[in-house]
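Engineer: Handing over entry-v7.cif, mmCIF, C-alpha atoms and all ligand atoms.
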data_protein
#
loop_
_atom_site.label_atom_id
_atom_site.label_comp_id
_atom_site.auth_asym_id
_atom_site.auth_seq_id
_atom_site.Cartn_x
_atom_site.Cartn_y
_atom_site.Cartn_z
CA MET A 835 -54.23 8.61 -15.19
CA THR A 836 -52.58 6.62 -18.01
CA ASN A 837 -51.67 9.85 -19.88
CA LEU A 838 -49.29 10.86 -17.12
CA LYS A 839 -45.57 10.59 -17.82
CA HIS A 840 -44.86 9.48 -14.25
CA HIS A 841 -47.45 7.63 -12.24
CA PRO A 842 -47.88 9.15 -8.73
CA PHE A 843 -47.47 5.64 -7.32
CA GLY A 844 -44.94 4.50 -9.93
CA PRO A 845 -41.93 2.28 -9.13
CA SER A 846 -39.45 5.18 -9.25
CA SER A 847 -41.28 7.10 -6.50
CA MET A 848 -42.35 4.07 -4.48
CA ARG A 849 -39.47 4.25 -2.02
CA ARG A 850 -40.60 7.79 -1.17
CA ARG A 851 -44.18 6.56 -0.74
CA GLU A 852 -42.97 3.71 1.47
CA LEU A 853 -40.96 6.03 3.74
CA CYS A 854 -43.46 8.89 3.68
CA PRO A 855 -46.92 7.83 2.44
CA ALA A 856 -48.17 11.43 2.83
CA SER A 857 -45.85 12.45 0.00
CA MET A 858 -48.34 11.21 -2.61
CA ARG A 859 -51.02 13.56 -1.25
CA LEU A 860 -48.63 16.46 -0.68
CA GLU A 861 -47.04 16.28 -4.13
CA GLU A 862 -50.37 16.28 -5.96
CA GLY A 863 -50.74 19.21 -8.34
CA LEU A 864 -47.24 20.58 -7.74
CA PRO A 865 -45.14 21.15 -10.87
CA GLU A 866 -42.03 19.04 -11.53
CA PRO A 867 -38.82 20.85 -10.55
CA PRO A 868 -36.58 21.79 -13.50
CA THR A 869 -34.27 19.00 -14.70
CA SER A 870 -31.04 19.08 -12.70
CA PRO A 871 -27.65 18.63 -14.43
CA GLU A 872 -27.33 15.22 -12.68
CA ALA A 873 -30.73 14.10 -14.01
CA GLY A 874 -29.75 15.28 -17.52
CA ARG A 875 -26.50 13.31 -17.30
CA GLY A 876 -28.42 10.22 -16.13
CA SER A 877 -30.91 10.45 -19.02
CA ARG A 878 -28.12 10.74 -21.58
CA ILE A 879 -26.34 7.67 -20.17
CA HIS A 880 -29.63 5.74 -20.22
CA ASP A 881 -30.28 6.75 -23.86
CA LEU A 882 -26.77 5.81 -24.95
CA THR A 883 -27.03 2.43 -23.20
CA ALA A 884 -30.43 1.71 -24.77
CA GLY A 885 -28.95 2.51 -28.21
CA TYR A 886 -25.95 0.21 -27.65
CA ILE A 887 -28.18 -2.67 -26.54
CA GLN A 888 -30.49 -2.22 -29.53
CA LYS A 889 -27.54 -2.27 -31.93
CA GLY A 890 -25.76 -5.03 -30.04
CA GLU A 891 -22.54 -3.02 -29.99
CA ALA A 892 -21.10 0.01 -28.25
CA LEU A 893 -19.05 2.93 -29.52
CA GLU A 894 -15.44 3.35 -28.50
CA PRO A 895 -15.95 5.90 -25.70
CA GLN A 896 -14.78 9.45 -26.29
CA THR A 897 -16.61 11.01 -23.35
CA GLU A 898 -17.20 10.09 -19.73
CA GLU A 899 -20.89 9.47 -20.45
CA GLN A 900 -20.07 7.09 -23.30
CA GLU A 901 -17.62 5.31 -21.01
CA LEU A 902 -20.33 4.81 -18.39
CA ALA A 903 -22.83 3.67 -21.03
CA LEU A 904 -20.22 1.16 -22.25
CA LYS A 905 -19.95 -0.23 -18.71
CA CYS A 906 -23.75 -0.66 -18.61
CA PHE A 907 -23.63 -2.37 -22.01
CA GLU A 908 -20.91 -4.73 -20.79
CA TYR A 909 -22.96 -5.49 -17.68
CA TRP A 910 -25.95 -6.30 -19.91
CA GLN A 911 -23.75 -8.60 -22.00
CA ARG A 912 -22.58 -10.45 -18.87
CA VAL A 913 -26.07 -10.82 -17.42
CA PHE A 914 -28.39 -11.31 -20.38
CA LEU A 915 -26.40 -12.91 -23.22
CA PRO A 916 -25.49 -16.19 -21.47
CA GLU A 917 -29.15 -16.65 -20.47
CA GLU A 918 -30.28 -15.78 -23.99
CA GLU A 919 -27.97 -18.42 -25.41
CA ALA A 920 -29.25 -21.04 -22.99
CA GLU A 921 -32.91 -20.52 -23.92
CA LYS A 922 -34.39 -20.78 -27.39
CA MET A 923 -37.32 -18.45 -26.75
CA ALA A 924 -35.52 -15.65 -24.94
CA VAL A 925 -36.64 -12.10 -25.70
CA GLY A 926 -34.96 -8.84 -24.65
CA LYS A 927 -36.43 -5.32 -24.77
CA VAL A 928 -35.16 -1.90 -23.75
CA GLU A 929 -37.35 0.72 -22.09
CA HIS A 930 -40.30 -1.58 -21.52
CA ARG A 931 -43.45 -0.06 -20.00
CA VAL A 932 -44.62 -2.20 -17.12
CA GLU A 933 -48.05 -1.97 -15.53
CA TYR A 934 -49.58 -3.65 -12.50
CA ARG A 935 -53.30 -4.16 -12.11
CA VAL A 936 -55.07 -5.34 -8.97
CA ILE A 937 -57.19 -7.56 -11.28
CA LYS A 938 -55.07 -8.64 -14.18
CA ASP A 939 -57.78 -8.54 -16.87
CA ASP A 940 -59.34 -5.28 -15.74
CA PRO A 941 -57.44 -2.17 -16.96
CA GLU A 942 -59.62 -0.04 -14.67
CA THR A 943 -57.79 -1.54 -11.68
CA GLN A 944 -54.35 -0.29 -12.72
CA LEU A 945 -52.34 0.40 -9.57
CA TYR A 946 -49.18 1.76 -11.17
CA PHE A 947 -47.04 1.85 -14.28
CA GLY A 948 -43.42 2.66 -14.99
CA THR A 949 -40.60 2.04 -17.43
CA ALA A 950 -38.00 -0.66 -16.85
CA ASP A 951 -34.65 0.07 -18.53
CA PHE A 952 -34.26 -3.48 -19.82
CA ILE A 953 -36.36 -6.63 -19.56
CA GLY A 954 -35.54 -10.18 -20.57
CA LEU A 955 -38.09 -12.95 -20.88
CA PHE A 956 -37.21 -16.62 -20.77
CA ASN A 957 -40.50 -18.17 -21.67
CA GLU A 958 -39.40 -21.82 -21.56
CA SER A 959 -38.45 -21.56 -17.92
CA GLU A 960 -41.08 -18.89 -17.13
CA ARG A 961 -38.49 -16.48 -15.79
CA GLY A 962 -37.99 -12.77 -16.21
CA LEU A 963 -35.04 -10.41 -15.90
CA ILE A 964 -35.03 -6.69 -15.25
CA ILE A 965 -32.01 -4.41 -15.33
CA ASP A 966 -32.22 -0.88 -13.97
CA TRP A 967 -29.34 1.55 -14.47
CA LYS A 968 -28.47 3.91 -11.63
CA THR A 969 -26.00 6.62 -12.54
CA GLY A 970 -25.77 8.86 -9.46
CA PHE A 971 -23.29 9.12 -6.63
CA LEU A 972 -25.70 8.05 -3.89
CA GLU A 973 -26.14 4.52 -2.68
CA THR A 974 -29.12 2.52 -3.91
CA ASP A 975 -31.07 0.18 -1.63
CA PRO A 976 -29.81 -3.38 -2.16
CA ALA A 977 -31.99 -5.32 -4.61
CA PRO A 978 -33.63 -7.64 -2.01
CA ASP A 979 -34.96 -4.59 -0.09
CA ASN A 980 -35.58 -2.35 -3.06
CA ILE A 981 -39.28 -1.62 -3.51
CA GLN A 982 -38.71 -0.11 -6.96
CA GLY A 983 -37.24 -3.41 -8.16
CA ALA A 984 -40.00 -5.34 -6.41
CA ALA A 985 -42.65 -3.23 -8.16
CA TYR A 986 -41.09 -3.86 -11.59
CA ALA A 987 -40.79 -7.58 -10.84
CA LEU A 988 -44.41 -7.85 -9.70
CA ALA A 989 -45.69 -6.11 -12.83
CA LEU A 990 -43.59 -8.27 -15.16
CA MET A 991 -44.56 -11.48 -13.35
CA GLN A 992 -48.22 -10.55 -13.76
CA GLU A 993 -47.95 -9.50 -17.42
CA PHE A 994 -46.11 -12.61 -18.59
CA ASP A 995 -47.26 -15.20 -16.00
CA LEU A 996 -43.72 -15.68 -14.73
CA LYS A 997 -42.75 -17.86 -11.80
CA GLU A 998 -39.80 -15.68 -10.88
CA CYS A 999 -38.08 -12.49 -11.89
CA ALA A 1000 -34.46 -11.45 -11.30
CA VAL A 1001 -33.89 -7.73 -10.76
CA HIS A 1002 -30.46 -6.18 -11.24
CA PHE A 1003 -29.36 -2.69 -10.32
CA TYR A 1004 -26.10 -1.57 -11.84
CA ASN A 1005 -24.37 1.73 -11.23
CA PRO A 1006 -21.43 2.35 -13.61
CA THR A 1007 -20.42 5.55 -11.76
CA GLN A 1008 -19.76 3.57 -8.59
CA ASN A 1009 -19.17 0.25 -10.34
CA ARG A 1010 -21.71 -1.39 -8.07
CA ALA A 1011 -24.22 -4.10 -8.80
CA SER A 1012 -26.91 -5.71 -6.71
CA SER A 1013 -29.42 -8.36 -7.74
CA HIS A 1014 -32.20 -10.49 -6.33
CA VAL A 1015 -34.63 -13.10 -7.64
CA PHE A 1016 -38.21 -12.37 -6.62
CA THR A 1017 -40.46 -15.44 -6.47
CA ASP A 1018 -43.39 -14.61 -4.20
CA ALA A 1019 -45.66 -12.34 -6.21
CA GLU A 1020 -48.43 -12.48 -3.62
CA ALA A 1021 -46.20 -11.22 -0.82
CA LEU A 1022 -44.95 -8.39 -3.05
CA ALA A 1023 -48.51 -7.45 -3.98
CA ARG A 1024 -49.55 -7.43 -0.31
CA HIS A 1025 -46.70 -5.13 0.69
CA ILE A 1026 -47.24 -2.74 -2.21
CA MET A 1027 -50.99 -2.61 -1.55
CA ARG A 1028 -50.30 -1.82 2.11
CA VAL A 1029 -48.09 1.12 1.10
CA HIS A 1030 -50.71 2.27 -1.41
CA ASN A 1031 -53.48 2.19 1.20
CA LEU A 1032 -51.37 4.31 3.55
CA CYS A 1033 -50.82 6.79 0.70
CA LEU A 1034 -54.58 7.10 0.20
CA ALA A 1035 -55.32 7.75 3.88
CA PRO A 1036 -56.21 11.45 4.15
CA ASP A 1037 -54.56 11.98 7.52
CA THR A 1038 -51.19 10.20 7.22
CA PRO A 1039 -48.67 12.72 8.59
CA PRO A 1040 -45.54 13.58 6.57
CA ARG A 1041 -42.38 11.84 7.79
CA PRO A 1042 -39.36 13.90 6.80
CA GLY A 1043 -36.05 12.20 6.14
CA GLU A 1044 -33.15 12.61 3.76
CA ASP A 1045 -34.01 9.71 1.43
CA GLN A 1046 -37.68 10.51 0.95
CA CYS A 1047 -37.46 14.32 0.87
CA ARG A 1048 -34.57 14.48 -1.62
CA TYR A 1049 -36.70 14.38 -4.77
CA CYS A 1050 -40.08 15.25 -3.27
CA ARG A 1051 -41.89 18.10 -5.00
CA ALA A 1052 -43.38 19.24 -1.67
CA PHE A 1053 -39.84 19.65 -0.40
CA TYR A 1054 -38.66 21.46 -3.51
CA HIS A 1055 -41.58 23.90 -3.40
CA GLY A 1056 -41.31 24.36 0.38
CA THR A 1057 -44.94 23.35 0.95
CA CYS A 1058 -44.50 20.41 3.33
CA ALA A 1059 -45.72 21.18 6.86
CA GLY A 1060 -43.71 18.24 8.23
CA VAL A 1061 -40.44 19.67 6.96
CA LYS A 1062 -41.33 23.16 8.21
CA LYS A 1063 -41.98 21.71 11.67
CA GLU A 1064 -38.62 19.89 11.66
CA LEU A 1065 -36.83 23.06 10.58
CA ALA A 1066 -38.47 25.05 13.37
CA LYS A 1067 -37.49 22.39 15.93
CA ILE A 1068 -33.90 22.42 14.75
CA ALA A 1069 -33.70 26.22 14.72
CA GLU A 1070 -34.92 26.19 18.32
CA LEU A 1071 -32.49 23.47 19.43
CA ALA A 1072 -29.41 24.65 17.56
CA PRO A 1073 -28.27 27.48 19.91
CA GLU A 1074 -28.37 25.18 22.96
CA LEU A 1075 -26.76 22.28 21.23
CA GLU A 1076 -23.11 23.22 21.60
CA GLY A 1077 -23.12 22.68 25.34
CA SER A 1078 -25.49 19.73 25.38
CA ILE A 1079 -24.58 17.53 22.42
CA LYS A 1080 -22.40 15.25 24.52
CA SER A 1081 -25.28 14.60 26.88
CA LEU A 1082 -27.60 13.29 24.13
CA SER A 1083 -28.24 9.55 24.10
CA ASP A 1084 -27.05 7.56 21.06
CA GLU A 1085 -30.60 7.49 19.69
CA GLN A 1086 -31.16 11.24 20.22
CA LEU A 1087 -27.83 12.06 18.61
CA ALA A 1088 -28.48 9.85 15.56
CA ASP A 1089 -32.04 11.20 15.25
CA PHE A 1090 -30.79 14.79 15.41
CA PHE A 1091 -28.10 14.03 12.84
CA GLU A 1092 -30.67 12.59 10.41
CA LYS A 1093 -32.88 15.68 10.86
CA THR A 1094 -30.00 18.03 10.13
CA LYS A 1095 -29.57 16.35 6.73
CA VAL A 1096 -33.02 17.61 5.79
CA VAL A 1097 -31.97 21.09 6.92
CA ALA A 1098 -28.77 20.90 4.88
CA LYS A 1099 -30.78 19.97 1.80
CA ALA A 1100 -33.23 22.83 2.47
CA LYS A 1101 -30.30 25.23 2.81
CA ASP A 1102 -28.92 24.09 -0.58
CA LEU A 1103 -32.30 24.65 -2.23
CA ALA A 1104 -32.74 28.08 -0.63
CA GLU A 1105 -29.21 29.13 -1.61
CA LYS A 1106 -29.74 28.03 -5.21
CA GLU A 1107 -32.97 30.03 -5.45
CA LEU A 1108 -31.42 33.06 -3.73
CA ARG A 1109 -28.50 33.02 -6.16
CA GLU A 1110 -30.86 32.78 -9.14
CA ARG A 1111 -32.89 35.77 -7.92
CA ILE A 1112 -29.76 37.82 -7.33
CA GLU A 1113 -28.46 36.95 -10.81
CA ARG A 1114 -31.80 38.10 -12.21
CA ASP A 1115 -32.48 41.19 -10.06
CA GLY A 1116 -29.05 42.26 -8.81
CA SER A 1117 -29.90 41.65 -5.14
CA CYS A 1118 -32.44 39.86 -2.97
CA ALA A 1119 -33.60 40.99 0.49
CA GLY A 1120 -30.20 42.43 1.40
CA HIS A 1121 -28.20 39.57 -0.15
CA ARG A 1122 -25.92 40.02 -3.14
CA ILE A 1123 -23.11 38.16 -4.87
CA LYS A 1124 -19.67 39.33 -3.81
CA LEU A 1125 -16.86 38.53 -6.20
CA THR A 1126 -13.59 37.45 -4.61
CA SER A 1127 -10.38 36.37 -6.28
CA GLY A 1128 -10.37 32.67 -7.14
CA GLY A 1129 -6.54 32.56 -7.26
CA PHE A 1130 -4.58 31.94 -10.47
CA ASP A 1131 -3.79 29.02 -12.74
CA LEU A 1132 -0.69 28.58 -14.89
CA PRO A 1133 -2.12 26.62 -17.83
CA ASP A 1134 1.13 26.88 -19.87
CA ILE A 1135 3.31 24.63 -17.71
CA GLY A 1136 6.19 24.62 -20.23
CA ALA A 1137 6.43 28.42 -20.32
CA ALA A 1138 6.20 28.55 -16.52
CA PHE A 1139 9.07 26.07 -16.24
CA ASN A 1140 11.28 28.03 -18.67
CA LEU A 1141 10.59 31.26 -16.82
CA SER A 1142 11.06 29.79 -13.35
CA GLY A 1143 14.77 29.01 -13.69
CA LEU A 1144 14.17 26.05 -11.32
CA SER A 1145 15.68 22.62 -11.86
CA GLU A 1146 13.26 19.94 -13.15
CA LYS A 1147 13.24 18.32 -9.74
CA GLU A 1148 12.44 21.60 -7.95
CA PHE A 1149 9.79 22.45 -10.52
CA LEU A 1150 8.11 19.03 -10.33
CA LYS A 1151 7.75 19.43 -6.56
CA CYS A 1152 5.34 22.30 -7.30
CA CYS A 1153 3.21 20.18 -9.65
CA LYS A 1154 0.49 17.70 -8.77
CA LEU A 1155 -0.09 14.74 -11.06
CA SER A 1156 -3.58 13.45 -11.73
CA GLU A 1157 -3.41 9.63 -11.80
CA SER A 1158 -6.70 9.32 -13.65
CA GLN A 1159 -5.73 11.86 -16.36
CA LEU A 1160 -2.33 10.25 -16.88
CA LYS A 1161 -4.01 6.85 -17.09
CA LYS A 1162 -6.41 8.09 -19.76
CA ALA A 1163 -3.68 9.86 -21.77
CA TRP A 1164 -1.36 6.86 -21.57
CA ALA A 1165 -4.09 4.41 -22.55
CA GLN A 1166 -5.06 6.64 -25.51
CA ALA A 1167 -1.42 6.86 -26.67
CA GLN A 1168 -1.01 3.08 -26.41
CA LYS A 1169 -4.22 2.52 -28.32
CA ASP A 1170 -3.21 5.01 -31.04
CA ALA A 1171 0.13 3.17 -31.33
CA GLY A 1172 -1.79 -0.07 -31.93
CA GLU A 1173 -0.73 -1.71 -28.64
CA PHE A 1174 -4.31 -2.21 -27.46
CA LYS A 1175 -7.66 -2.38 -29.17
CA THR A 1176 -9.63 -0.46 -26.56
CA LEU A 1177 -9.01 2.26 -24.01
CA LYS A 1178 -10.16 -0.09 -21.30
CA GLU A 1179 -7.38 -2.59 -22.13
CA GLY A 1180 -4.89 0.29 -22.06
CA GLU A 1181 -6.14 1.42 -18.67
CA LEU A 1182 -5.84 -2.09 -17.23
CA ALA A 1183 -2.28 -2.31 -18.58
CA PHE A 1184 -1.53 1.08 -16.98
CA ASN A 1185 -2.28 -0.41 -13.56
CA ASN A 1186 0.42 -3.06 -14.14
CA VAL A 1187 3.02 -0.87 -15.83
CA PHE A 1188 2.76 1.86 -13.18
CA ALA A 1189 2.13 -0.54 -10.28
CA GLY A 1190 5.40 0.35 -8.55
CA LEU A 1191 4.60 4.07 -8.66
CA ARG A 1192 0.96 3.95 -7.62
CA GLU A 1193 0.33 4.58 -3.95
CA PRO A 1194 -3.12 3.92 -2.55
CA ARG A 1195 -4.71 6.97 -0.97
CA PRO A 1196 -5.80 6.65 2.66
CA GLU A 1197 -9.16 4.91 2.94
CA ARG A 1198 -12.12 7.23 3.27
CA LYS A 1199 -14.18 6.90 6.41
CA LEU A 1200 -17.77 7.36 5.30
CA LEU A 1201 -20.52 7.75 7.84
CA VAL A 1202 -23.35 5.48 6.66
CA LYS A 1203 -26.61 4.40 8.15
CA GLU A 1204 -27.49 0.72 8.30
CA LYS A 1205 -30.74 -0.12 6.56
CA GLU A 1206 -33.58 -0.85 8.97
S1 LIG B 1 -41.10 16.74 1.83
FE1 LIG B 1 -40.49 14.88 2.89
S2 LIG B 1 -41.83 14.74 4.62
FE2 LIG B 1 -42.74 16.20 3.23
S3 LIG B 1 -44.12 14.99 1.98
FE3 LIG B 1 -42.20 15.05 0.89
S4 LIG B 1 -41.15 13.22 1.55
FE4 LIG B 1 -42.78 13.56 3.03
#
With the file now loaded, output its structure as structure tokens.
Structural biologist:
Amino acid sequence: MTNLKHHPFGPSSMRRRELCPASMRLEEGLPEPPTSPEAGRGSRIHDLTAGYIQKGEALEPQTEEQELALKCFEYWQRVFLPEEEAEKMAVGKVEHRVEYRVIKDDPETQLYFGTADFIGLFNESERGLIIDWKTGFLETDPAPDNIQGAAYALALMQEFDLKECAVHFYNPTQNRASSHVFTDAEALARHIMRVHNLCLAPDTPPRPGEDQCRYCRAFYHGTCAGVKKELAKIAELAPELEGSIKSLSDEQLADFFEKTKVVAKAKDLAEKELRERIERDGSCAGHRIKLTSGGFDLPDIGAAFNLSGLSEKEFLKCCKLSESQLKKAWAQAQKDAGEFKTLKEGELAFNNVFAGLREPRPERKLLVKEKE
């Protein structure tokens, strides 16, 4: 068990186990899906951040990933350094392997292990600190309700006999942070054991849902009977839905909406696989790739202007300005001219200099589900 890279009941999959305990049984023996571009991006940002923390300094960012790693580094500086200064015996470590045992001194009773991105130990005050970087575009459960954070905290509290452990989640892509101080190790252990026992029960039925199915291997390989059943139900309901959707109760409507998210995800997976097979074999069960014109770009804007014979004003009406690209280019030019030390300072100054020209876009109306 300890030779595994990811523990089947590890902190990073514990939310899935909590929402669908059958997932542990149904994922067993299935190969890991290939690394997605998003996962590759996340790993590179994690590696860069770990390197910055180890060196105690960050590179001037040249790429988006370095910029995001710099934000993580700055978050670490804000959260850890003041505490480190306040305590003589503070210790910080990146990529620390945590492990929780049902009986602390008995390695045979290991319940799970995982890797925390950063841990801090304040031995004088018997406190711990964990920081976990999230780099994706999806929302993370807030720290007080986050079982992944709770599992890290419990393991660290056991390993170092801590009275409390603060867990921080920081997402530089969304610029969001959430933190919580866990103090009741026994309550955490009880909850995690309850989830584990449900996972071991041989007859727990699968419970499909967007959150839990997203990274489940049984979903990826199309082997989950629960998902198949949901898909069949939806396929049966869909043709009648147009006339009856207004008659559904609030609960039925919301339930149906949640189920369709699983279908949408299944459709994405099926389309990706279908495309790959067509690329490889030329066609797949009557499907093929049809090429259609993608329109045209005019990358040489200067030449297009000269040729157009339009006035500057008329020509500019045809162009769309990217605020974020202008901000970056302006900040870079200011930095090169020695006006600012960092790109970040230049970007902050941009907001002031161009304040009169910036117009906020209409707010986006996101449909979100309140946490139960
Ligand atoms: S695919 Fe979804 S429902 Fe099926 S085991 Fe995985 S998480 Fe559970």
Engineer: Skipping near chain neighbours, those fewer than 3 positions away, what residues fall within 12 Å of range 907-909 of chain A using only C-alpha atoms, listed as a PyMOL selection string?
Structural biologist: chain A and resi 879-895+900-904+912-916+928+951-952+965-967+1002-1006+1009-1012+1178
Engineer: How would the residues just picked look written out with C-alpha atoms as an mmCIF file, keeping the file's coordinate frame?
Structural biologist:
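So the final result, stored in part-v4.cif, reads:
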data_model
loop_
_atom_site.group_PDB
_atom_site.id
_atom_site.type_symbol
_atom_site.label_atom_id
_atom_site.label_comp_id
_atom_site.auth_asym_id
_atom_site.auth_seq_id
_atom_site.Cartn_x
_atom_site.Cartn_y
_atom_site.Cartn_z
ATOM 1 C CA ILE A 879 -26.340 7.670 -20.170
ATOM 2 C CA HIS A 880 -29.630 5.740 -20.220
ATOM 3 C CA ASP A 881 -30.280 6.750 -23.860
ATOM 4 C CA LEU A 882 -26.770 5.810 -24.950
ATOM 5 C CA THR A 883 -27.030 2.430 -23.200
ATOM 6 C CA ALA A 884 -30.430 1.710 -24.770
ATOM 7 C CA GLY A 885 -28.950 2.510 -28.210
ATOM 8 C CA TYR A 886 -25.950 0.210 -27.650
ATOM 9 C CA ILE A 887 -28.180 -2.670 -26.540
ATOM 10 C CA GLN A 888 -30.490 -2.220 -29.530
ATOM 11 C CA LYS A 889 -27.540 -2.270 -31.930
ATOM 12 C CA GLY A 890 -25.760 -5.030 -30.040
ATOM 13 C CA GLU A 891 -22.540 -3.020 -29.990
ATOM 14 C CA ALA A 892 -21.100 0.010 -28.250
ATOM 15 C CA LEU A 893 -19.050 2.930 -29.520
ATOM 16 C CA GLU A 894 -15.440 3.350 -28.500
ATOM 17 C CA PRO A 895 -15.950 5.900 -25.700
ATOM 18 C CA GLN A 900 -20.070 7.090 -23.300
ATOM 19 C CA GLU A 901 -17.620 5.310 -21.010
ATOM 20 C CA LEU A 902 -20.330 4.810 -18.390
ATOM 21 C CA ALA A 903 -22.830 3.670 -21.030
ATOM 22 C CA LEU A 904 -20.220 1.160 -22.250
ATOM 23 C CA ARG A 912 -22.580 -10.450 -18.870
ATOM 24 C CA VAL A 913 -26.070 -10.820 -17.420
ATOM 25 C CA PHE A 914 -28.390 -11.310 -20.380
ATOM 26 C CA LEU A 915 -26.400 -12.910 -23.220
ATOM 27 C CA PRO A 916 -25.490 -16.190 -21.470
ATOM 28 C CA VAL A 928 -35.160 -1.900 -23.750
ATOM 29 C CA ASP A 951 -34.650 0.070 -18.530
ATOM 30 C CA PHE A 952 -34.260 -3.480 -19.820
ATOM 31 C CA ILE A 965 -32.010 -4.410 -15.330
ATOM 32 C CA ASP A 966 -32.220 -0.880 -13.970
ATOM 33 C CA TRP A 967 -29.340 1.550 -14.470
ATOM 34 C CA HIS A 1002 -30.460 -6.180 -11.240
ATOM 35 C CA PHE A 1003 -29.360 -2.690 -10.320
ATOM 36 C CA TYR A 1004 -26.100 -1.570 -11.840
ATOM 37 C CA ASN A 1005 -24.370 1.730 -11.230
ATOM 38 C CA PRO A 1006 -21.430 2.350 -13.610
ATOM 39 C CA ASN A 1009 -19.170 0.250 -10.340
ATOM 40 C CA ARG A 1010 -21.710 -1.390 -8.070
ATOM 41 C CA ALA A 1011 -24.220 -4.100 -8.800
ATOM 42 C CA SER A 1012 -26.910 -5.710 -6.710
ATOM 43 C CA LYS A 1178 -10.160 -0.090 -21.300
#
Engineer: Hey, can you check how far CA of Ala1088 in chain A sits from CA of Glu1197 in chain A?
Structural biologist: 23.6 Å
Engineer: How would you report the residues lying within 6 Å of ligand LIG 1 (chain B), as a JSON list (two decimals) with C-alpha atoms, in the coordinates of the input, if you count only C-alpha atoms and all ligand atoms?
Structural biologist:
[["chain", "number", "residue", "atom", "x", "y", "z"],
["A", 854, "CYS", "CA", -43.46, 8.89, 3.68],
["A", 856, "ALA", "CA", -48.17, 11.43, 2.83],
["A", 857, "SER", "CA", -45.85, 12.45, 0.00],
["A", 860, "LEU", "CA", -48.63, 16.46, -0.68],
["A", 1040, "PRO", "CA", -45.54, 13.58, 6.57],
["A", 1041, "ARG", "CA", -42.38, 11.84, 7.79],
["A", 1042, "PRO", "CA", -39.36, 13.90, 6.80],
["A", 1046, "GLN", "CA", -37.68, 10.51, 0.95],
["A", 1047, "CYS", "CA", -37.46, 14.32, 0.87],
["A", 1050, "CYS", "CA", -40.08, 15.25, -3.27],
["A", 1052, "ALA", "CA", -43.38, 19.24, -1.67],
["A", 1053, "PHE", "CA", -39.84, 19.65, -0.40],
["A", 1058, "CYS", "CA", -44.50, 20.41, 3.33],
["A", 1060, "GLY", "CA", -43.71, 18.24, 8.23],
["A", 1061, "VAL", "CA", -40.44, 19.67, 6.96]]
Engineer: Which residue gives the smallest distance to Met923 in chain A among A:Glu1148, A:Glu960, A:Asp1131, A:Glu898, with all atoms listed in the file counted?
Structural biologist: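 The closest residue to Met923 in chain A is A:Glu960.
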Engineer: Check the smallest atom-to-atom distance from each of A:Asn1185, A:Ile1068, A:Asp995, A:Ala984 to Arg1024 in chain A using only C-alpha atoms, then report the winner.
Structural biologist: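 Among the listed residues, the smallest separation from Arg1024 in chain A belongs to A:Ala984.
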Engineer: Which distance in Å separates CA of Leu1075 in chain A and CA of Lys1063 in chain A, to one decimal?
Structural biologist: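 Straight-line distance from CA of Leu1075 in chain A to CA of Lys1063 in chain A works out to 18.0 Å.
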Engineer: Using only C-alpha atoms for the distances, tell me which of A:Thr1057, A:Thr1126, A:Gln982, A:Thr943 is nearest to Glu862 in chain A.
Structural biologist: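 Using only C-alpha atoms, the shortest distance to Glu862 in chain A belongs to A:Thr1057.
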Engineer: At most 8 Å is the cut-off: for each residue in range 947-1062 of chain A with any atom that close to an atom of range 932-941 of chain A, write down the nearest atom pair and the distance in Å rounded to one decimal, counting all atoms listed in the file, chain first then increasing number, as JSON lines.
Structural biologist:
{"residue": "A:Phe947", "atom": "CA", "partner": "A:Glu933", "partner_atom": "CA", "distance": 4.1}
{"residue": "A:Gly948", "atom": "CA", "partner": "A:Val932", "partner_atom": "CA", "distance": 5.4}
{"residue": "A:Thr949", "atom": "CA", "partner": "A:Val932", "partner_atom": "CA", "distance": 5.9}
{"residue": "A:Ala950", "atom": "CA", "partner": "A:Val932", "partner_atom": "CA", "distance": 6.8}
{"residue": "A:Tyr986", "atom": "CA", "partner": "A:Val932", "partner_atom": "CA", "distance": 6.8}
{"residue": "A:Leu988", "atom": "CA", "partner": "A:Tyr934", "partner_atom": "CA", "distance": 7.2}
{"residue": "A:Ala989", "atom": "CA", "partner": "A:Tyr934", "partner_atom": "CA", "distance": 4.6}
{"residue": "A:Leu990", "atom": "CA", "partner": "A:Val932", "partner_atom": "CA", "distance": 6.5}
{"residue": "A:Gln992", "atom": "CA", "partner": "A:Lys938", "partner_atom": "CA", "distance": 7.1}
{"residue": "A:Glu993", "atom": "CA", "partner": "A:Glu933", "partner_atom": "CA", "distance": 7.8}
Engineer: Using Å and a single decimal, report how far CA of Lys1162 in chain A sits from CA of Gly1136 in chain A.
Structural biologist: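 According to the coordinates, CA of Gly1136 in chain A and CA of Lys1162 in chain A are separated by 20.8 Å.
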Engineer: My list of candidates is A:Val1001, A:Glu973, A:Ser1081, A:Glu918. Which is closest to Leu1200 in chain A when distances are computed with all atoms listed in the file?
Structural biologist: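 Smallest distance to Leu1200 in chain A is found for A:Glu973.
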Engineer: Contacts of Cys1152 in chain A at 12 Å or less, counting only C-alpha atoms, minus same-chain residues fewer than 4 places along, as a list in words?
Structural biologist: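 Surrounding residues, per the criterion: Leu1132, Ile1135, Ala1138, Phe1139, Ser1142, Leu1144, Ser1145, Glu1146, Lys1147 and Glu1148 of chain A.
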Engineer: Which residue gives the smallest distance to Pro1133 in chain A among A:Cys1153, A:Cys1033, A:Leu1071, A:Ile964, with all atoms listed in the file counted?
Structural biologist: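 For Pro1133 in chain A, the nearest of the candidates is A:Cys1153.
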Engineer: Give the answer as one residue: which of A:Ala987, A:Val1015, A:Cys906, A:Met848 has the shortest atom-to-atom distance to Lys968 in chain A, using only C-alpha atoms?
Structural biologist: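 Smallest distance to Lys968 in chain A is found for A:Cys906.
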